[in-house]
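Some notes on the structure that comes next.
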Number of protein chains: 10
Amino acid sequence: MSEGRIATLHPTVAGNLPPYSATLFDAKAAAGLTFEDIANHLERSEVACAAIFYGQATASKEDMRRLSEVLALPMNVLEKQMVGFPDRGRAGPMPPVEPLIYRLYEVVQNYGYAYKAILNEKFGDGIMSAISFSTKVEKEVDESGAAWAVITLRGKWLPFSRF
Amino acid sequence: MSEGRIATLHPTVAGNLPPYSATLFDAKAAAGLTFEDIANHLERSEVACAAIFYGQATASKEDMRRLSEVLALPMNVLEKQMVGFPDRGRAGPMPPVEPLIYRLYEVVQNYGYAYKAILNEKFGDGIMSAISFSTKVEKEVDESGAAWAVITLRGKWLPFSRF
Amino acid sequence: MSEGRIATLHPTVAGNLPPYSATLFDAKAAAGLTFEDIANHLERSEVACAAIFYGQATASKEDMRRLSEVLALPMNVLEKQMVGFPDRGRAGPMPPVEPLIYRLYEVVQNYGYAYKAILNEKFGDGIMSAISFSTKVEKEVDESGAAWAVITLRGKWLPFSRF
Amino acid sequence: MSEGRIATLHPTVAGNLPPYSATLFDAKAAAGLTFEDIANHLERSEVACAAIFYGQATASKEDMRRLSEVLALPMNVLEKQMVGFPDRGRAGPMPPVEPLIYRLYEVVQNYGYAYKAILNEKFGDGIMSAISFSTKVEKEVDESGAAWAVITLRGKWLPFSRF
Amino acid sequence: MSEGRIATLHPTVAGNLPPYSATLFDAKAAAGLTFEDIANHLERSEVACAAIFYGQATASKEDMRRLSEVLALPMNVLEKQMVGFPDRGRAGPMPPVEPLIYRLYEVVQNYGYAYKAILNEKFGDGIMSAISFSTKVEKEVDESGAAWAVITLRGKWLPFSRF
Amino acid sequence: MSEGRIATLHPTVAGNLPPYSATLFDAKAAAGLTFEDIANHLERSEVACAAIFYGQATASKEDMRRLSEVLALPMNVLEKQMVGFPDRGRAGPMPPVEPLIYRLYEVVQNYGYAYKAILNEKFGDGIMSAISFSTKVEKEVDESGAAWAVITLRGKWLPFSRF
Amino acid sequence: MSEGRIATLHPTVAGNLPPYSATLFDAKAAAGLTFEDIANHLERSEVACAAIFYGQATASKEDMRRLSEVLALPMNVLEKQMVGFPDRGRAGPMPPVEPLIYRLYEVVQNYGYAYKAILNEKFGDGIMSAISFSTKVEKEVDESGAAWAVITLRGKWLPFSRF
Amino acid sequence: MSEGRIATLHPTVAGNLPPYSATLFDAKAAAGLTFEDIANHLERSEVACAAIFYGQATASKEDMRRLSEVLALPMNVLEKQMVGFPDRGRAGPMPPVEPLIYRLYEVVQNYGYAYKAILNEKFGDGIMSAISFSTKVEKEVDESGAAWAVITLRGKWLPFSRF
Amino acid sequence: MSEGRIATLHPTVAGNLPPYSATLFDAKAAAGLTFEDIANHLERSEVACAAIFYGQATASKEDMRRLSEVLALPMNVLEKQMVGFPDRGRAGPMPPVEPLIYRLYEVVQNYGYAYKAILNEKFGDGIMSAISFSTKVEKEVDESGAAWAVITLRGKWLPFSRF
Amino acid sequence: MSEGRIATLHPTVAGNLPPYSATLFDAKAAAGLTFEDIANHLERSEVACAAIFYGQATASKEDMRRLSEVLALPMNVLEKQMVGFPDRGRAGPMPPVEPLIYRLYEVVQNYGYAYKAILNEKFGDGIMSAISFSTKVEKEVDESGAAWAVITLRGKWLPFSRF
């Protein structure tokens with residue numbers, strides 16, 4: 001479907017990310033691996049895996065070890081570059097200009113208050129955590145052969161403290 | 001959990017919405033109904049139902065008839081107020097200032113490029129539609145008794161046309 | 001020190017808040033009560049109490065009952081106006097233009113990364129919750145007679161989920 | 001808890017900071033020191049210490065001498081790079097996009113007017129200084145074993161002059 | 001020179017100010033008084049006096065009494081309207097669109113770093129307070145008969161605390 | 001008071017200024033001179049002198065000659081670099097993020113309309129020029145030993161033309 | 001050409017202007033007068049005349065007397081409404097959204113630096129005043145019958161003061 | 001008047017312009033030519049000439065030939081660098097921060113609606129073109145010896161099409 | 001397909017439009033007419049017709065006469081309300097938040113430079129006029145029964161003047 | 001008409017695009033080819049072809065092969081640089097500052113709601129896709145010899161899902 005294309009790192013995005021992003025993406029391109037391949041090797045979810053590449057999630061020592069294996073990168077290089085803590089949220093502009101990402105933003109814009117009303121009525125006054133949180137992407141094909149993307153967000157419910 | 005509270009319409013939000021939003025929310029408050037109650041009566045999803053209240057989705061004639069029933073509102077009032085097409089996206093500011101809605105925005109900000117990479121590799125060059133699209137909210141309770149919110153986004157995959 | 005002044009509701013702020021904010025502030029002014037007086041009656045913290053007045057926190061049924069008592073407001077009026085869930089974050093503009101609030105914003109601007117570095121090193125990759133959270137304001141007078149304000153923020157540490 | 005990770009300097013942040021920020025952070029990484037280690041050596045608070053690293057606070061000659069010791073950096077290099085006055089406030093964007101820093105911003109957004117009301121009633125018309133000011137970060141563990149972060153802001157109260 | 005004109009309250013500004021601003025300006029217009037007249041009666045500076053009218057400064061009980069006298073307004077009306085604390089900074093947009101105010105903004109834009117360099121070298125690391133602060137406006141006429149405006153800002157120097 | 005510190009050029013500011021800014025600041029640091037020293041040599045005001053360094057004011061041939069002397073820089077280098085006209089206003093962001101500069105901005109924000117009212121009543125409809133303009137910074141020490149900064153702005157009054 | 005149309009006041013613009021703007025425009029519409037008609041009666045330029053209507057310029061007592069005559073409005077109403085000083089610059093948004101006004105903005109955007117270069121070389125370091133300033137609009141018809149608009153800006157040259 | 005100064009290219013402006021801008025400005029500085037000199041050689045207006053230098057206007061082959069002559073630049077270098085079409089509007093920020101350019105912006109801000117009203121009444125519904133457009137700068141000296149700048153904008157009138 | 005729905009005027013849009021917009025839309029709703037019906041009666045294009053309703057285009061006297069007929073509105077009411085000139089561009093925010101309008105904005109964002117390159121190569125240096133301009137909307141149904149919208153923009157090519 | 005000029009890549013645009021944009025544009029300039037030439041060779045539309053150059057559309061393997069041929073670029077270089085997925089929307093700022101692109105933006109600003117009304121009435125509640133979408137540019141010359149640009153947008157109609 002995508003002619004064997006794999007996701008690469010756009011240079012203007014790279015400028016907002018830690019140096020290991022380029023290291024990882026370059027090695028991924030050289031190895032011709034998809035995130036599915038890499039996620040399988042890391043035994044982590046695909047989104048978490050891509051988030052590591054984009055500097056938006058932490059790789060544990062074990063993750064680094066497996067990245068080193070699957071991407072043929074020296075472990076000490078990864079350890080040195082990835083020693084700190086993620087500095088999140090700078091990958092791209094908000095509102096997003098990329099059409100794919102904009103659609104997700106639009107969902108928040110259009111359905112934000114509907115989500116809030118439903119969540120408040122179901123759980124009370126609080127929020128769905130984006131930290132105690134996981135997310136995944138799945139592909140479905142309907143009976144007509146059309147493809148559908150399914151994104152699931154699962155976050156712990158945090159009630160506002162009473163004080 | 002929420003002391004029988006139900007979602008109501010904040011006046012500053014109301015100023016951005018069509019007049020029928022206030023009509024519907026007032027009747028909902030008077031009837032003491034949750035969106036779950038109303039969605040059951042309309043046989044539509046809760047989020048779609050709340051989206052109608054917030055002026056972000058179309059109510060069909062049949063939806064209006066059922067809203068008229070469940071909210072004890074005259075059908076002709078609803079028909080007159082709801083005759084047009086939704087003008088979406090103005091309910092609240094972006095970036096959102098409401099903490100609950102901000103968390104969803106933050107998910108897009110932090111994971112946007114990860115979603116794009118995964119979706120592109122799975123589907124090719126295109127987007128997940130936010131129009132040929134449905135969404136739902138579910139509540140899960142884990143073994144420790146903690147509550148989790150699960151939001152699912154399901155959109156048709158649209159490949160960029162070749163021209 | 002403040003000539004018996006008490007905090008009132010600025011009209012341009014009121015326009016961003018739920019109607020019960022004006023109800024509560026007007027009754028507070030009529031009764032000549034400070035937030036300390038009211039917080040004592042509610043057995044809640046002063047900041048939480050002021051946050052209720054500004055529509056930024058939920059009042060429980062019991063809170064409403066006590067507000068009704070201390071402010072001489074009919075319970076059914078409060079219950080009707082306060083039935084929904086807070087819609088937070090709209091009280092004033094950001095960046096703040098009020099000098100007192102701007103100083104807090106400036107603290108975040110200047111020390112944000114220092115806080116992050118210290119918190120990450122102490123707790124790992126995560127955030128201090130602003131939801132599982134309490135805050136208080138205290139007054140200290142030093143040996144020279146100068147007054148100092150002390151604001152304490154206490155939030156649960158939430159580590160990023162591994163997925 | 002954080003696998004021996006220490007805070008490092010994100011390249012996009014570094015671009016907004018004075019050159020000595022990179023010098024200090026590199027030496028810190030090479031030495032494998034936390035800010036707690038360094039603060040102990042400097043006999044200053046951890047936040048002030050991190051603020052020096054981020055170019056948001058002044059290091060005295062004595063601070064430089066101790067930094068030189070603990071980081072194994074030549075004193076004359078530090079003296080030359082750190083001779084000027086801090087140019088504060090440029091480390092990251094506002095509103096913050098980093099989730100940890102955003103939570104602090106959100107506290108100002110949601111509780112700003114509550115703080116103002118309480119402070120005005122306690123102290124009169126004025127502000128809490130962010131200059132005659134100190135701040136600290138503490139870690140608490142509650143009876144259930146959950147970790148809590150406590151941030152304290154302490155500023156001199158400045159009444160508006162009468163003129 | 002100004003044909004006996006006096007400063008009045010522009011309606012779009014009034015919408016951002018407390019109700020007593022309109023009360024005071026209307027009474028000033030009815031009485032045909034300049035701020036110089038009123039400041040003399042209050043024994044306060046002209047700028048402080050105008051700042052009270054624009055809701056940017058506190059009027060003491062004694063100020064209110066004198067305003068009541070000079071503007072022929074009932075003291076109890078003033079006391080009731082002016083009981084709270086100023087909510088500053090909302091009178092007009094920033095950057096200013098009014099040419100006169102823009103020129104002051106431009107001075108900050110062009111000379112901001114020059115002021116900082118001079119102040120830092122004269123006083124060390126700190127700020128000139130805008131709270132422990134007074135300001136005045138004077139008129140000079142040079143030998144050629146040309147008029148010059150002189151604005152003086154005088155603020156306490158606050159050194160950054162060492163902590 | 002400032003441990004012999006002198007103002008230097010922050011690299012992110014330098015990126016917005018002409019190349020001669022770095023030339024001048026480097027030479028100033030090498031010579032260990034304050035702006036007071038340099039201003040005395042140039043027989044110009046300190047603020048004007050700093051404004052030249054920040055590229056916000058023109059240096060005359062005679063100014064260049066004296067800068068060349070006092071900073072030990074070749075005259076022909078200065079003449080070549082400083083041949084053009086200043087391109088003002090880009091040194092830092094507006095609103096300012098530097099606390100010292102922000103305080104000046106805040107003065108404009110809070111007192112802008114008060115200045116306008118006073119100036120209009122004193123001079124008629126017009127503006128205080130920021131071009132036919134001079135400014136200075138002075139240090140005062142009050143009886144208690146506290147330091148005060150005094151900034152004076154003096155601009156020609158320009159009445160709006162009648163046409 | 002314009003079917004006898006005359007300029008009227010758009011309601012969203014009116015909301016940003018002083019009340020006398022609506023008074024004047026309503027009377028103009030009732031009288032069916034163009035600005036050319038009114039300017040002839042006032043013996044002022046058309047642009048100045050329209051600027052008075054939009055609250056961007058001062059009307060002298062004599063102007064008010066003539067406006068009163070030509071628009072059949074009571075002099076005392078005009079005197080009362082027009083007693084203050086203009087608060088300029090709020091009529092419309094910037095960047096302008098009106099195509100006609102946007103074209104002027106675009107001229108500044110595209111030719112701004114070209115104007116600066118030419119003016120600096122002709123006059124030295126300074127600005128063209130927008131206060132000691134007049135402007136006019138003329139219509140030309142070329143040999144092919146096409147119409148051309150000519151806008152002339154004439155401002156006093158103000159050199160930057162040396163201090 | 002300007003001590004033989006000529007307009008040069010500010011480095012932060014240069015970063016927004018095509019490479020030939022630096023080429024042309026460097027050659028202009030080396031040759032010590034004003035735009036008046038160059039415009040005479042090109043037989044084009046001064047503003048158009050400066051606009052070419054700033055990448056805001058097209059140079060014809062003949063213009064390039066003459067630029068090559070007057071600036072002693074190889075024709076083939078100019079032809080190669082100047083082969084494309086201008087990408088206008090990026091030279092500086094809007095709103096302008098340069099005082100000279102800001103004054104022009106302020107004219108649009110203050111007189112925009114006045115121009116629109118006059119133009120609409122004179123020409124009907126349409127715009128003054130900024131494309132079928134020319135502009136010039138002139139210097140006048142009044143009887144008192146004061147200098148005035150006169151900027152003329154002349155654009156074709158385009159009526160909105162009826163469809 | 002749309003259950004006989006017709007386009008109506010959203011109240012938040014109405015607040016940005018002239019009063020006749022509400023007059024026309026109310027009459028349209030009362031008469032149950034589509035823009036196609038009205039355009040047929042006016043013998044104008046549908047988009048122009050809707051643009052008149054939204055205050056973005058001029059109605060001629062003849063247009064008003066026909067609107068009066070088809071909408072059963074008194075001619076003198078229309079003539080009085082519609083006497084002025086359109087004040088365009090304020091109907092909704094930019095970037096658009098309405099998904100349908102956003103898609104058009106996205107086309108400009110993504111293909112803007114491609115259009116420019118093609119147009120420059122085909123026509124030279126200039127622009128496609130949005131004033132000497134017409135536009136239309138058509139519906140196509142492909143062989144699979146799917147509906148396609150076709151929007152055509154046709155504007156006069158305006159070359160930049162040489163001066 | 002355009003003196004044999006061809007579209008080239010402006011350096012500030014290039015900084016926002018993938019490296020292959022510069023590769024392609026440089027080869028195009030070297031070969032002296034227009035997009036029409038290249039589009040003919042690729043058997044794709046001109047706009048799609050330019051969109052590939054600007055990194056806004058995907059080139060298939062076959063497209064790369066033909067680009068390699070027509071631009072005399074090694075196939076393996078193109079394959080390596082163009083392996084990823086487009087990251088759209090960053091080519092230029094929004095609102096556009098380039099006059100040609102601004103005109104298209106202005107069409108959306110002025111006619112956006114008119115398009116929405118017409119499309120909603122013709123198709124129901126939904127959007128015109130910008131993904132299942134094609135677009136083209138044509139040149140027309142009218143009887144008077146004047147040139148007109150015609151841009152056609154054709155997108156699939158997507159009705160909002162009912163859920």
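Identifiers for the structure tokens are assigned positionally: chains receive A, B, ... in sequence, residues are indexed from 1 per chain, and ligands are indexed from 1 in the order shown.
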key: Within 6 Å of segment 92-108 of chain J using only C-alpha atoms, minus same-chain residues under 5 positions, as number ranges by chain   = H: 88-89; I: 112, 127, 130
Run DSSP on the backbone and tell me which residues of chain A come out as alpha helix (DSSP H); list them as a compact mmCIF listing (two decimals) with C-alpha atoms, in the first residue's frame.
# COMPACT_ATOMS: atom_id res chain seq x y z
CA PRO A 11 14.40 18.02 9.00
CA THR A 12 12.28 20.83 10.43
CA VAL A 13 10.91 18.42 13.02
CA ALA A 14 14.40 17.14 13.77
CA PRO A 19 19.98 14.44 18.81
CA TYR A 20 19.12 10.79 19.42
CA SER A 21 15.98 11.22 17.29
CA ALA A 22 18.10 11.60 14.19
CA THR A 23 20.36 8.75 15.32
CA LEU A 24 17.42 6.41 15.70
CA PHE A 25 15.59 7.43 12.54
CA ASP A 26 18.72 7.19 10.44
CA ALA A 27 19.40 3.70 11.73
CA LYS A 28 15.78 2.73 11.16
CA ALA A 29 15.98 3.92 7.55
CA ALA A 30 19.27 2.14 6.99
CA ALA A 31 17.79 -1.07 8.37
CA PHE A 35 7.84 0.76 13.80
CA GLU A 36 5.90 -2.49 13.93
CA ASP A 37 9.17 -4.38 13.47
CA ILE A 38 10.87 -2.36 16.16
CA ALA A 39 7.94 -2.49 18.58
CA ASN A 40 7.89 -6.24 18.28
CA HIS A 41 11.53 -6.38 19.18
CA LEU A 42 11.09 -4.05 22.13
CA GLU A 46 4.00 0.86 18.39
CA VAL A 47 2.96 4.32 19.52
CA ALA A 48 5.25 4.23 22.55
CA CYS A 49 8.01 3.09 20.28
CA ALA A 50 7.49 5.95 17.82
CA ALA A 51 7.18 8.33 20.78
CA ILE A 52 10.66 7.26 21.92
CA PHE A 53 11.99 8.01 18.45
CA LYS A 61 17.95 0.62 29.84
CA GLU A 62 16.38 -2.55 28.51
CA ASP A 63 14.70 -0.60 25.69
CA MET A 64 18.06 0.90 24.79
CA ARG A 65 19.65 -2.52 24.77
CA ARG A 66 17.03 -3.81 22.36
CA LEU A 67 17.18 -0.68 20.21
CA SER A 68 20.90 -1.17 20.05
CA GLU A 69 20.34 -4.73 18.82
CA VAL A 70 17.63 -4.13 16.29
CA LEU A 71 19.12 -0.92 14.89
CA MET A 75 24.79 0.64 23.25
CA ASN A 76 27.16 3.23 24.70
CA VAL A 77 26.15 5.77 22.06
CA LEU A 78 22.50 5.30 22.92
CA GLU A 79 23.13 5.42 26.65
CA LYS A 80 25.08 8.63 26.33
CA GLN A 81 22.55 10.38 24.10
CA PRO A 99 -3.39 17.41 7.78
CA LEU A 100 -3.21 14.03 9.55
CA ILE A 101 -2.39 15.60 12.92
CA TYR A 102 -4.84 18.44 12.36
CA ARG A 103 -7.72 15.96 12.13
CA LEU A 104 -6.96 14.81 15.69
CA TYR A 105 -6.82 18.43 16.84
CA GLU A 106 -10.15 19.03 15.14
CA VAL A 107 -11.68 16.13 17.05
CA VAL A 108 -10.65 17.84 20.30
CA GLN A 109 -11.98 21.16 19.02
CA ASN A 110 -15.35 19.80 17.95
CA TYR A 111 -15.99 17.13 20.57
CA GLY A 112 -14.07 18.53 23.55
CA TYR A 113 -17.10 19.70 25.47
CA ALA A 114 -19.05 16.59 24.55
CA TYR A 115 -16.27 14.44 26.00
CA LYS A 116 -16.18 16.60 29.11
CA ALA A 117 -19.93 16.33 29.65
CA ILE A 118 -19.93 12.55 29.24
CA LEU A 119 -16.83 12.04 31.38
CA ASN A 120 -18.11 14.34 34.14
CA GLU A 121 -21.42 12.54 34.27
CA LYS A 122 -19.74 9.13 34.29
CA PHE A 123 -16.88 9.90 36.70
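Residue nearest chain E, chosen from C:Leu73, C:Val83, C:Ala91, C:Val137 and counting only C-alpha atoms: C:Ala91.
If you take only C-alpha atoms and a cut-off of 6 Å, the residues of chain C that reach chain A are C:Arg44, C:Ser45, C:Ile131, C:Ser132, C:Phe133, C:Ser134, C:Phe160, C:Ser161, C:Phe163.
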Please produce a file of those selected residues containing all heavy atoms, as a compact mmCIF listing (two decimals), in the first residue's frame.
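Final file, result_14.txt:
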# COMPACT_ATOMS: atom_id res chain seq x y z
N ARG C 44 -13.02 24.27 55.01
CA ARG C 44 -12.18 23.97 53.84
C ARG C 44 -11.07 25.02 53.80
O ARG C 44 -11.10 26.00 54.53
CB ARG C 44 -13.00 24.03 52.54
CG ARG C 44 -14.04 22.92 52.49
CD ARG C 44 -14.60 22.74 51.11
NE ARG C 44 -13.55 22.33 50.14
CZ ARG C 44 -13.81 22.04 48.88
NH1 ARG C 44 -15.06 22.08 48.43
NH2 ARG C 44 -12.82 21.69 48.05
N SER C 45 -10.10 24.81 52.92
CA SER C 45 -9.00 25.78 52.86
C SER C 45 -9.50 27.07 52.21
O SER C 45 -10.47 27.07 51.44
CB SER C 45 -7.84 25.21 52.04
OG SER C 45 -7.92 25.63 50.71
N ILE C 131 -4.26 18.09 39.74
CA ILE C 131 -5.63 17.63 39.99
C ILE C 131 -5.68 16.92 41.35
O ILE C 131 -6.50 17.28 42.20
CB ILE C 131 -6.08 16.66 38.86
CG1 ILE C 131 -5.77 17.24 37.46
CG2 ILE C 131 -7.53 16.24 39.01
CD1 ILE C 131 -6.54 18.47 37.07
N SER C 132 -4.84 15.91 41.52
CA SER C 132 -4.61 15.34 42.85
C SER C 132 -3.69 16.32 43.53
O SER C 132 -2.47 16.13 43.58
CB SER C 132 -3.94 13.97 42.74
OG SER C 132 -4.85 12.99 42.37
N PHE C 133 -4.24 17.38 44.02
CA PHE C 133 -3.46 18.59 44.29
C PHE C 133 -4.16 19.43 45.34
O PHE C 133 -5.38 19.52 45.37
CB PHE C 133 -3.38 19.36 42.97
CG PHE C 133 -2.79 20.75 43.07
CD1 PHE C 133 -1.42 20.93 43.03
CD2 PHE C 133 -3.61 21.87 43.19
CE1 PHE C 133 -0.88 22.21 43.09
CE2 PHE C 133 -3.08 23.14 43.26
CZ PHE C 133 -1.71 23.31 43.21
N SER C 134 -3.36 20.03 46.21
CA SER C 134 -3.92 21.05 47.10
C SER C 134 -2.92 22.18 47.21
O SER C 134 -1.75 22.03 46.89
CB SER C 134 -4.21 20.47 48.48
OG SER C 134 -3.01 20.08 49.12
N PHE C 160 4.98 8.75 34.10
CA PHE C 160 4.45 8.37 32.79
C PHE C 160 4.30 6.85 32.74
O PHE C 160 5.22 6.13 33.12
CB PHE C 160 5.37 8.84 31.66
CG PHE C 160 5.16 10.27 31.29
CD1 PHE C 160 5.92 11.28 31.84
CD2 PHE C 160 4.16 10.62 30.38
CE1 PHE C 160 5.70 12.61 31.50
CE2 PHE C 160 3.94 11.94 30.03
CZ PHE C 160 4.71 12.94 30.60
N SER C 161 3.15 6.40 32.28
CA SER C 161 2.94 4.95 32.12
C SER C 161 3.89 4.38 31.09
O SER C 161 4.21 5.05 30.09
CB SER C 161 1.52 4.66 31.62
OG SER C 161 0.58 5.08 32.56
N PHE C 163 4.04 1.72 28.20
CA PHE C 163 3.11 0.90 27.41
C PHE C 163 3.77 0.50 26.09
O PHE C 163 4.84 0.99 25.76
CB PHE C 163 1.77 1.64 27.17
CG PHE C 163 1.85 2.91 26.40
CD1 PHE C 163 1.61 2.99 25.04
CD2 PHE C 163 2.16 4.12 27.06
CE1 PHE C 163 1.67 4.18 24.34
CE2 PHE C 163 2.22 5.32 26.37
CZ PHE C 163 1.99 5.34 25.01
task = Would you mind writing down, as number ranges by chain, each residue of chain I that DSSP on the backbone assigns to strand (DSSP E or B)?
result = I: 126-141, 147-159
Test item: residues at most 6 Å from segment 148-150 of chain A, only C-alpha atoms, excluding those fewer than 2 positions along its chain, as a tab-separated table (two decimals) with all heavy atoms, in the first residue's frame:
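Produced file out.tsv, reproduced below:
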chain	number	residue	atom	x	y	z
A	137	VAL	N	-2.94	2.27	18.14
A	137	VAL	CA	-3.50	2.49	16.81
A	137	VAL	C	-3.79	1.12	16.20
A	137	VAL	O	-2.92	0.25	16.23
A	137	VAL	CB	-2.49	3.24	15.92
A	137	VAL	CG1	-2.94	3.25	14.47
A	137	VAL	CG2	-2.27	4.65	16.43
A	138	GLU	N	-4.97	0.96	15.68
A	138	GLU	CA	-5.30	-0.31	15.03
A	138	GLU	C	-5.90	-0.04	13.65
A	138	GLU	O	-6.44	1.03	13.39
A	138	GLU	CB	-6.31	-1.10	15.88
A	138	GLU	CG	-5.68	-1.66	17.14
A	138	GLU	CD	-6.71	-2.02	18.19
A	138	GLU	OE1	-7.55	-1.14	18.52
A	138	GLU	OE2	-6.68	-3.17	18.66
A	139	LYS	N	-5.80	-1.06	12.81
A	139	LYS	CA	-6.35	-0.96	11.45
A	139	LYS	C	-7.50	-1.94	11.32
A	139	LYS	O	-7.37	-3.11	11.70
A	139	LYS	CB	-5.25	-1.32	10.45
A	139	LYS	CG	-5.68	-1.23	8.99
A	139	LYS	CD	-4.49	-1.51	8.06
A	139	LYS	CE	-4.85	-1.28	6.62
A	139	LYS	NZ	-3.64	-1.36	5.77
A	140	GLU	N	-8.61	-1.45	10.81
A	140	GLU	CA	-9.75	-2.32	10.53
A	140	GLU	C	-10.10	-2.20	9.07
A	140	GLU	O	-9.92	-1.15	8.47
A	140	GLU	CB	-10.97	-1.92	11.37
A	140	GLU	CG	-10.79	-2.12	12.85
A	140	GLU	CD	-12.04	-1.75	13.64
A	140	GLU	OE1	-13.07	-1.42	13.01
A	140	GLU	OE2	-11.98	-1.78	14.87
A	141	VAL	N	-10.61	-3.28	8.52
A	141	VAL	CA	-11.10	-3.23	7.14
A	141	VAL	C	-12.55	-3.65	7.19
A	141	VAL	O	-12.88	-4.71	7.74
A	141	VAL	CB	-10.28	-4.17	6.23
A	141	VAL	CG1	-10.81	-4.13	4.80
A	141	VAL	CG2	-8.81	-3.77	6.26
B	153	LEU	N	-11.45	6.60	18.99
B	153	LEU	CA	-11.66	7.38	17.77
B	153	LEU	C	-11.58	6.41	16.60
B	153	LEU	O	-10.58	5.70	16.47
B	153	LEU	CB	-10.58	8.44	17.60
B	153	LEU	CG	-10.16	9.26	18.82
B	153	LEU	CD1	-9.00	10.19	18.46
B	153	LEU	CD2	-11.32	10.07	19.32
B	154	ARG	N	-12.58	6.39	15.76
B	154	ARG	CA	-12.57	5.48	14.61
B	154	ARG	C	-12.91	6.28	13.37
B	154	ARG	O	-14.03	6.82	13.25
B	154	ARG	CB	-13.59	4.35	14.83
B	154	ARG	CG	-13.61	3.32	13.71
B	154	ARG	CD	-14.58	2.18	14.04
B	154	ARG	NE	-14.50	1.10	13.08
B	154	ARG	CZ	-15.19	1.06	11.94
B	154	ARG	NH1	-16.01	2.03	11.63
B	154	ARG	NH2	-15.04	0.02	11.12
B	155	GLY	N	-11.95	6.39	12.47
B	155	GLY	CA	-12.18	7.20	11.27
B	155	GLY	C	-11.77	6.44	10.03
B	155	GLY	O	-10.83	5.64	10.05
B	156	LYS	N	-12.44	6.72	8.95
B	156	LYS	CA	-12.12	6.09	7.68
B	156	LYS	C	-10.76	6.57	7.22
B	156	LYS	O	-10.42	7.75	7.39
B	156	LYS	CB	-13.18	6.48	6.65
B	156	LYS	CG	-13.15	5.62	5.40
B	156	LYS	CD	-14.38	5.87	4.55
B	156	LYS	CE	-14.49	4.83	3.45
B	156	LYS	NZ	-15.77	5.01	2.71
B	157	TRP	N	-9.99	5.68	6.66
B	157	TRP	CA	-8.71	6.10	6.12
B	157	TRP	C	-8.90	6.68	4.73
B	157	TRP	O	-9.50	6.05	3.85
B	157	TRP	CB	-7.74	4.92	6.04
B	157	TRP	CG	-6.39	5.41	5.56
B	157	TRP	CD1	-5.88	5.31	4.31
B	157	TRP	CD2	-5.45	6.15	6.34
B	157	TRP	NE1	-4.65	5.93	4.25
B	157	TRP	CE2	-4.36	6.45	5.50
B	157	TRP	CE3	-5.42	6.58	7.67
B	157	TRP	CZ2	-3.26	7.16	5.94
B	157	TRP	CZ3	-4.33	7.29	8.11
B	157	TRP	CH2	-3.26	7.57	7.25
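Atom CA of Arg90 of chain D lies 22.3 Å from atom CA of Ile6 of chain D.
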